[in-house]
$ cat query-v4.pdb   # PDB, C-alpha atoms and all ligand atoms
ATOM      1  CA  MET R   1     196.558  12.613   0.214  1.00  0.00           C
ATOM      2  CA  ASN R   2     196.076   9.699  -2.100  1.00  0.00           C
ATOM      3  CA  ARG R   3     199.148   8.016  -0.818  1.00  0.00           C
ATOM      4  CA  LEU R   4     196.601   6.204   1.300  1.00  0.00           C
ATOM      5  CA  LYS R   5     194.505   5.039  -1.626  1.00  0.00           C
ATOM      6  CA  GLU R   6     195.842   1.523  -1.358  1.00  0.00           C
ATOM      7  CA  TYR R   7     194.082   1.310   2.007  1.00  0.00           C
ATOM      8  CA  ASP R   8     190.685   1.791   0.383  1.00  0.00           C
ATOM      9  CA  VAL R   9     188.419  -1.178   0.831  1.00  0.00           C
ATOM     10  CA  LEU R  10     185.885  -1.117  -2.000  1.00  0.00           C
ATOM     11  CA  PHE R  11     183.195  -2.895  -0.087  1.00  0.00           C
ATOM     12  CA  GLU R  12     180.412  -2.189  -2.543  1.00  0.00           C
ATOM     13  CA  ASN R  13     181.659  -4.842  -4.923  1.00  0.00           C
ATOM     14  CA  LEU R  14     182.821  -7.214  -2.249  1.00  0.00           C
ATOM     15  CA  LYS R  15     181.017 -10.530  -2.121  1.00  0.00           C
ATOM     16  CA  SER R  16     179.814 -11.911   1.186  1.00  0.00           C
ATOM     17  CA  GLY R  17     182.463 -13.952   2.926  1.00  0.00           C
ATOM     18  CA  ILE R  18     186.135 -13.748   3.797  1.00  0.00           C
ATOM     19  CA  HIS R  19     188.601 -11.472   2.030  1.00  0.00           C
ATOM     20  CA  LEU R  20     192.273 -11.035   2.830  1.00  0.00           C
ATOM     21  CA  TYR R  21     194.365  -7.889   2.445  1.00  0.00           C
ATOM     22  CA  ARG R  22     198.019  -7.379   3.170  1.00  0.00           C
ATOM     23  CA  TYR R  23     199.886  -4.116   3.665  1.00  0.00           C
ATOM     24  CA  THR R  24     203.490  -3.250   4.352  1.00  0.00           C
ATOM     25  CA  ILE R  25     203.991  -0.095   6.370  1.00  0.00           C
ATOM     26  CA  ASP R  26     207.189   1.882   6.649  1.00  0.00           C
ATOM     27  CA  GLU R  27     208.148   5.342   7.825  1.00  0.00           C
ATOM     28  CA  THR R  28     206.425   7.127   4.922  1.00  0.00           C
ATOM     29  CA  PHE R  29     203.037   5.904   6.141  1.00  0.00           C
ATOM     30  CA  PHE R  30     203.457   7.937   9.335  1.00  0.00           C
ATOM     31  CA  ASP R  31     204.275  11.165   7.423  1.00  0.00           C
ATOM     32  CA  VAL R  32     200.667  11.438   6.335  1.00  0.00           C
ATOM     33  CA  PHE R  33     199.305  11.764   9.848  1.00  0.00           C
ATOM     34  CA  SER R  34     199.919  14.803  12.005  1.00  0.00           C
ATOM     35  CA  SER R  35     201.036  13.177  15.189  1.00  0.00           C
ATOM     36  CA  HIS R  36     203.960  13.162  17.577  1.00  0.00           C
ATOM     37  CA  LEU R  37     204.527   9.620  16.347  1.00  0.00           C
ATOM     38  CA  LYS R  38     206.996   9.835  13.473  1.00  0.00           C
ATOM     39  CA  GLY R  39     207.408   6.113  13.079  1.00  0.00           C
ATOM     40  CA  SER R  40     211.129   6.311  12.403  1.00  0.00           C
ATOM     41  CA  GLY R  41     212.607   3.045  11.203  1.00  0.00           C
ATOM     42  CA  SER R  42     209.166   1.479  11.024  1.00  0.00           C
ATOM     43  CA  LEU R  43     208.469  -1.768   9.315  1.00  0.00           C
ATOM     44  CA  PHE R  44     205.114  -3.391   9.898  1.00  0.00           C
ATOM     45  CA  THR R  45     203.140  -6.054   8.160  1.00  0.00           C
ATOM     46  CA  VAL R  46     199.387  -5.786   8.405  1.00  0.00           C
ATOM     47  CA  VAL R  47     197.134  -8.677   7.513  1.00  0.00           C
ATOM     48  CA  LEU R  48     193.502  -7.668   7.321  1.00  0.00           C
ATOM     49  CA  GLU R  49     190.800 -10.280   7.193  1.00  0.00           C
ATOM     50  CA  ILE R  50     187.392  -8.982   6.248  1.00  0.00           C
ATOM     51  CA  ASN R  51     184.266 -10.970   6.827  1.00  0.00           C
ATOM     52  CA  LYS R  52     181.663  -9.233   4.685  1.00  0.00           C
ATOM     53  CA  GLN R  53     178.069  -9.788   5.638  1.00  0.00           C
ATOM     54  CA  GLU R  54     174.766  -8.298   4.568  1.00  0.00           C
ATOM     55  CA  THR R  55     174.658  -5.575   7.209  1.00  0.00           C
ATOM     56  CA  LEU R  56     178.265  -5.247   8.341  1.00  0.00           C
ATOM     57  CA  MET R  57     181.928  -6.076   7.812  1.00  0.00           C
ATOM     58  CA  GLN R  58     184.024  -7.563  10.546  1.00  0.00           C
ATOM     59  CA  MET R  59     187.641  -6.502  10.118  1.00  0.00           C
ATOM     60  CA  ASP R  60     190.360  -8.419  11.926  1.00  0.00           C
ATOM     61  CA  PHE R  61     193.730  -6.710  11.875  1.00  0.00           C
ATOM     62  CA  ASP R  62     196.913  -8.616  12.613  1.00  0.00           C
ATOM     63  CA  ILE R  63     199.765  -6.123  12.922  1.00  0.00           C
ATOM     64  CA  LYS R  64     203.378  -7.168  13.444  1.00  0.00           C
ATOM     65  CA  GLY R  65     206.603  -5.230  13.235  1.00  0.00           C
ATOM     66  CA  ALA R  66     208.881  -2.735  14.881  1.00  0.00           C
ATOM     67  CA  MET R  67     209.844   0.910  15.011  1.00  0.00           C
ATOM     68  CA  LYS R  68     212.707   2.836  16.551  1.00  0.00           C
ATOM     69  CA  LEU R  69     212.057   4.634  19.801  1.00  0.00           C
ATOM     70  CA  THR R  70     214.450   6.799  21.760  1.00  0.00           C
ATOM     71  CA  CYS R  71     215.161   5.559  25.250  1.00  0.00           C
ATOM     72  CA  ASP R  72     214.134   8.045  27.905  1.00  0.00           C
ATOM     73  CA  HIS R  73     217.039   7.029  30.169  1.00  0.00           C
ATOM     74  CA  CYS R  74     220.068   6.754  27.905  1.00  0.00           C
ATOM     75  CA  ASN R  75     218.856   8.581  24.751  1.00  0.00           C
ATOM     76  CA  GLU R  76     219.792   5.705  22.495  1.00  0.00           C
ATOM     77  CA  GLU R  77     217.510   4.345  19.831  1.00  0.00           C
ATOM     78  CA  ALA R  78     216.143   0.862  20.181  1.00  0.00           C
ATOM     79  CA  ASP R  79     213.725  -1.354  18.283  1.00  0.00           C
ATOM     80  CA  PHE R  80     210.305  -1.472  19.808  1.00  0.00           C
ATOM     81  CA  ASN R  81     208.559  -4.656  18.740  1.00  0.00           C
ATOM     82  CA  LEU R  82     204.837  -4.735  18.360  1.00  0.00           C
ATOM     83  CA  SER R  83     202.460  -7.577  17.689  1.00  0.00           C
ATOM     84  CA  LEU R  84     198.775  -6.913  18.034  1.00  0.00           C
ATOM     85  CA  LYS R  85     195.364  -8.077  16.952  1.00  0.00           C
ATOM     86  CA  GLU R  86     192.436  -5.708  16.730  1.00  0.00           C
ATOM     87  CA  THR R  87     188.886  -6.074  15.541  1.00  0.00           C
ATOM     88  CA  LEU R  88     186.797  -3.364  13.961  1.00  0.00           C
ATOM     89  CA  VAL R  89     183.132  -3.766  13.080  1.00  0.00           C
ATOM     90  CA  VAL R  90     181.845  -1.569  10.278  1.00  0.00           C
ATOM     91  CA  LYS R  91     178.070  -1.452  10.073  1.00  0.00           C
ATOM     92  CA  PHE R  92     176.230  -0.386   6.958  1.00  0.00           C
ATOM     93  CA  ALA R  93     173.497   2.203   7.446  1.00  0.00           C
ATOM     94  CA  ASN R  94     171.846   5.105   5.693  1.00  0.00           C
ATOM     95  CA  GLU R  95     174.423   7.570   6.882  1.00  0.00           C
ATOM     96  CA  THR R  96     177.910   7.610   8.319  1.00  0.00           C
ATOM     97  CA  SER R  97     178.356   8.079  12.043  1.00  0.00           C
ATOM     98  CA  GLU R  98     181.002   7.110  14.536  1.00  0.00           C
ATOM     99  CA  GLU R  99     180.044   4.866  17.429  1.00  0.00           C
ATOM    100  CA  SER R 100     183.345   3.985  19.071  1.00  0.00           C
ATOM    101  CA  ALA R 101     186.913   3.074  18.234  1.00  0.00           C
ATOM    102  CA  ASP R 102     185.982  -0.482  17.361  1.00  0.00           C
ATOM    103  CA  VAL R 103     182.459  -0.060  15.974  1.00  0.00           C
ATOM    104  CA  LYS R 104     181.824   2.303  13.098  1.00  0.00           C
ATOM    105  CA  THR R 105     178.800   3.014  11.006  1.00  0.00           C
ATOM    106  CA  ILE R 106     179.193   3.925   7.382  1.00  0.00           C
ATOM    107  CA  ALA R 107     176.738   4.947   4.712  1.00  0.00           C
ATOM    108  CA  ARG R 108     176.102   1.950   2.504  1.00  0.00           C
ATOM    109  CA  ASN R 109     176.311   4.079  -0.617  1.00  0.00           C
ATOM    110  CA  ALA R 110     179.757   5.396   0.313  1.00  0.00           C
ATOM    111  CA  GLY R 111     181.114   2.276  -1.329  1.00  0.00           C
ATOM    112  CA  ILE R 112     184.614   2.752   0.088  1.00  0.00           C
ATOM    113  CA  PHE R 113     186.045   2.368   3.548  1.00  0.00           C
ATOM    114  CA  ASN R 114     189.631   3.472   4.079  1.00  0.00           C
ATOM    115  CA  VAL R 115     191.466   1.584   6.820  1.00  0.00           C
ATOM    116  CA  ALA R 116     194.638   3.715   7.016  1.00  0.00           C
ATOM    117  CA  GLN R 117     193.506   5.859   9.950  1.00  0.00           C
ATOM    118  CA  ASP R 118     192.404   2.779  11.875  1.00  0.00           C
ATOM    119  CA  ILE R 119     195.746   1.041  11.332  1.00  0.00           C
ATOM    120  CA  PHE R 120     197.537   4.194  12.447  1.00  0.00           C
ATOM    121  CA  ASP R 121     195.358   4.482  15.559  1.00  0.00           C
ATOM    122  CA  PHE R 122     195.903   0.838  16.508  1.00  0.00           C
ATOM    123  CA  ILE R 123     199.669   1.272  16.310  1.00  0.00           C
ATOM    124  CA  GLU R 124     199.760   4.682  17.982  1.00  0.00           C
ATOM    125  CA  ILE R 125     197.755   3.597  21.003  1.00  0.00           C
ATOM    126  CA  ASN R 126     200.227   0.769  21.627  1.00  0.00           C
ATOM    127  CA  ILE R 127     203.360   2.903  21.534  1.00  0.00           C
ATOM    128  CA  PRO R 128     204.356   4.209  24.973  1.00  0.00           C
ATOM    129  CA  MET R 129     204.777   7.988  25.327  1.00  0.00           C
ATOM    130  CA  ARG R 130     207.783   7.424  27.520  1.00  0.00           C
ATOM    131  CA  TYR R 131     209.995   4.577  26.447  1.00  0.00           C
ATOM    132  CA  ILE R 132     212.785   2.884  28.333  1.00  0.00           C
ATOM    133  CA  HIS R 133     214.952   0.244  26.663  1.00  0.00           C
ATOM    134  CA  GLY R 134     213.549  -3.213  26.691  1.00  0.00           C
ATOM    135  CA  GLN R 135     210.010  -2.236  27.590  1.00  0.00           C
ATOM    136  CA  ASP R 136     208.532  -4.263  24.821  1.00  0.00           C
ATOM    137  CA  GLN R 137     206.737  -7.554  24.904  1.00  0.00           C
ATOM    138  CA  GLU R 138     209.933  -9.390  25.847  1.00  0.00           C
ATOM    139  CA  GLY R 139     210.032  -7.343  29.061  1.00  0.00           C
ATOM    140  CA  GLN R 140     213.821  -7.571  29.412  1.00  0.00           C
ATOM    141  CA  SER R 141     215.614  -4.337  30.169  1.00  0.00           C
ATOM    142  CA  ASN R 142     218.773  -3.860  28.132  1.00  0.00           C
ATOM    143  CA  CYS R 143     219.127  -0.151  28.759  1.00  0.00           C
ATOM    144  CA  GLY R 144     222.738   0.835  29.353  1.00  0.00           C
ATOM    145  CA  LEU R 145     221.798   3.051  32.276  1.00  0.00           C
ATOM    146  CA  GLU R 146     219.504   0.481  33.838  1.00  0.00           C
ATOM    147  CA  LEU R 147     222.299  -2.078  33.687  1.00  0.00           C
ATOM    148  CA  GLU R 148     224.687   0.321  35.371  1.00  0.00           C
ATOM    149  CA  LYS R 149     222.258   0.883  38.229  1.00  0.00           C
ATOM    150  CA  PHE R 150     221.743  -2.838  38.577  1.00  0.00           C
ATOM    151  CA  LEU R 151     225.464  -3.558  38.800  1.00  0.00           C
ATOM    152  CA  LYS R 152     225.913  -0.879  41.450  1.00  0.00           C
ATOM    153  CA  LYS R 153     223.280  -2.556  43.572  1.00  0.00           C
ATOM    154  CA  GLN R 154     225.038  -5.897  43.252  1.00  0.00           C
ATOM    155  CA  GLN R 155     228.349  -4.618  44.599  1.00  0.00           C
ATOM    156  CA  PRO R 156     228.877  -5.895  48.138  1.00  0.00           C
ATOM    157  CA  LYS R 157     228.548  -3.248  50.768  1.00  0.00           C
ATOM    158  CA  LYS R 158     231.455  -2.890  53.107  1.00  0.00           C
ATOM    159  CA  SER R 159     230.237  -3.998  56.464  1.00  0.00           C
ATOM    160  CA  VAL R 160     230.809  -1.472  59.145  1.00  0.00           C
ATOM    161  CA  GLY R 161     231.141  -2.356  62.806  1.00  0.00           C
ATOM    162  CA  SER R 162     230.253  -5.779  64.056  1.00  0.00           C
ATOM    163  CA  GLY R 163     231.319  -8.054  61.231  1.00  0.00           C
ATOM    164  CA  ASN R 164     228.782 -10.325  59.623  1.00  0.00           C
ATOM    165  CA  THR R 165     225.632  -8.243  59.660  1.00  0.00           C
ATOM    166  CA  GLN R 166     224.673  -9.413  56.169  1.00  0.00           C
ATOM    167  CA  TRP R 167     224.846 -13.050  57.264  1.00  0.00           C
ATOM    168  CA  ASP R 168     222.857 -12.295  60.361  1.00  0.00           C
ATOM    169  CA  GLU R 169     220.171 -10.717  58.211  1.00  0.00           C
ATOM    170  CA  LEU R 170     220.075 -13.803  55.979  1.00  0.00           C
ATOM    171  CA  LYS R 171     219.558 -16.097  58.960  1.00  0.00           C
ATOM    172  CA  LYS R 172     216.310 -14.315  59.753  1.00  0.00           C
ATOM    173  CA  ILE R 173     214.866 -15.056  56.341  1.00  0.00           C
ATOM    174  CA  LYS R 174     213.046 -18.323  55.734  1.00  0.00           C
ATOM    175  CA  PHE R 175     213.838 -19.731  52.318  1.00  0.00           C
ATOM    176  CA  ASP R 176     211.402 -22.052  50.622  1.00  0.00           C
ATOM    177  CA  ASN R 177     214.124 -24.393  49.418  1.00  0.00           C
ATOM    178  CA  LYS R 178     215.554 -25.161  52.852  1.00  0.00           C
TER     179      LYS R 178
HETATM  180 ZN    ZN V   1     218.279   3.051  27.507  1.00  0.00          ZN
END
$ encode --input "query-v4.pdb" --output "structure tokens"
Amino acid sequence: MNRLKEYDVLFENLKSGIHLYRYTIDETFFDVFSSHLKGSGSLFTVVLEINKQETLMQMDFDIKGAMKLTCDHCNEEADFNLSLKETLVVKFANETSEESADVKTIARNAGIFNVAQDIFDFIEINIPMRYIHGQDQEGQSNCGLELEKFLKKQQPKKSVGSGNTQWDELKKIKFDNK
């Protein structure tokens, strides 16, 4: 389990103020967690900025990278790009308890706070269960099947009967640039 030891933040010895941590995450990181998310082809960079104060630590995570997801429409693999910022507040108290996903309370004498689970959770929650090509932050669909459907729609319909029905339809529409 100590493959995650590098994600230990030894806050006991941390001076008040800003501290920066950097992690590189690949597929092996995801093996440790039992989840449907296998993280195949993952490569993420995590920059963690910790602002240590007397009674709490504010942790700002900046996570950037990509993993391979299988397209639900065409079954091909594609890179899913992710760029996210998350903040976690860790309060020091007499005992450890969990408040919410972004506020945690930890026993002051624990001395160590491991951020691996939090990084995993932040990534997992941003990965869609059902993925279709191009549904990342760029928003452009480049799915082979989607493109096929699109092209079919663009093919002119053969007009049946009284000639220029498509033109007649267009005449009814008011265009803003006319
Ligand atoms: Zn696809």
$ closest_residue --input "query-v4.pdb" --among "R:Lys85, R:His133, R:Arg22, R:Arg108" --to "ligand ZN 1 (chain V)" --atoms "only C-alpha atoms and all ligand atoms"
R:His133
$ closest_residue --input "query-v4.pdb" --among "R:Asn109, R:Asn51, R:Asn75, R:Asn94" --to "ligand ZN 1 (chain V)" --atoms "only C-alpha atoms and all ligand atoms"
R:Asn75
$ resolve_selection --input "query-v4.pdb" --expression "the PyMOL selection byres (((chain R and resi 13) around 12) and not hetatm)" --output "JSON, numbers by chain"
{"R": [9, 10, 11, 12, 14, 15, 16, 19, 52, 108, 109, 110, 111, 112, 113]}
$ write_last_selection --input "query-v4.pdb" --atoms "C-alpha atoms" --output "mmCIF file, in the frame of the given file"
data_model
loop_
_atom_site.group_PDB
_atom_site.id
_atom_site.type_symbol
_atom_site.label_atom_id
_atom_site.label_comp_id
_atom_site.auth_asym_id
_atom_site.auth_seq_id
_atom_site.Cartn_x
_atom_site.Cartn_y
_atom_site.Cartn_z
ATOM 1 C CA VAL R 9 188.419 -1.178 0.831
ATOM 2 C CA LEU R 10 185.885 -1.117 -2.000
ATOM 3 C CA PHE R 11 183.195 -2.895 -0.087
ATOM 4 C CA GLU R 12 180.412 -2.189 -2.543
ATOM 5 C CA LEU R 14 182.821 -7.214 -2.249
ATOM 6 C CA LYS R 15 181.017 -10.530 -2.121
ATOM 7 C CA SER R 16 179.814 -11.911 1.186
ATOM 8 C CA HIS R 19 188.601 -11.472 2.030
ATOM 9 C CA LYS R 52 181.663 -9.233 4.685
ATOM 10 C CA ARG R 108 176.102 1.950 2.504
ATOM 11 C CA ASN R 109 176.311 4.079 -0.617
ATOM 12 C CA ALA R 110 179.757 5.396 0.313
ATOM 13 C CA GLY R 111 181.114 2.276 -1.329
ATOM 14 C CA ILE R 112 184.614 2.752 0.088
ATOM 15 C CA PHE R 113 186.045 2.368 3.548
#
$ resolve_selection --input "query-v4.pdb" --expression "the PyMOL selection byres (((chain R and resi 132) around 6) and not hetatm)" --output "list of chain:residue names"
R:Cys71, R:Asp72, R:Tyr131, R:His133, R:Gln135
$ atom_distance --input "query-v4.pdb" --atom1 "CA of Val46 in chain R" --atom2 "CA of Val89 in chain R"
17.0 Å
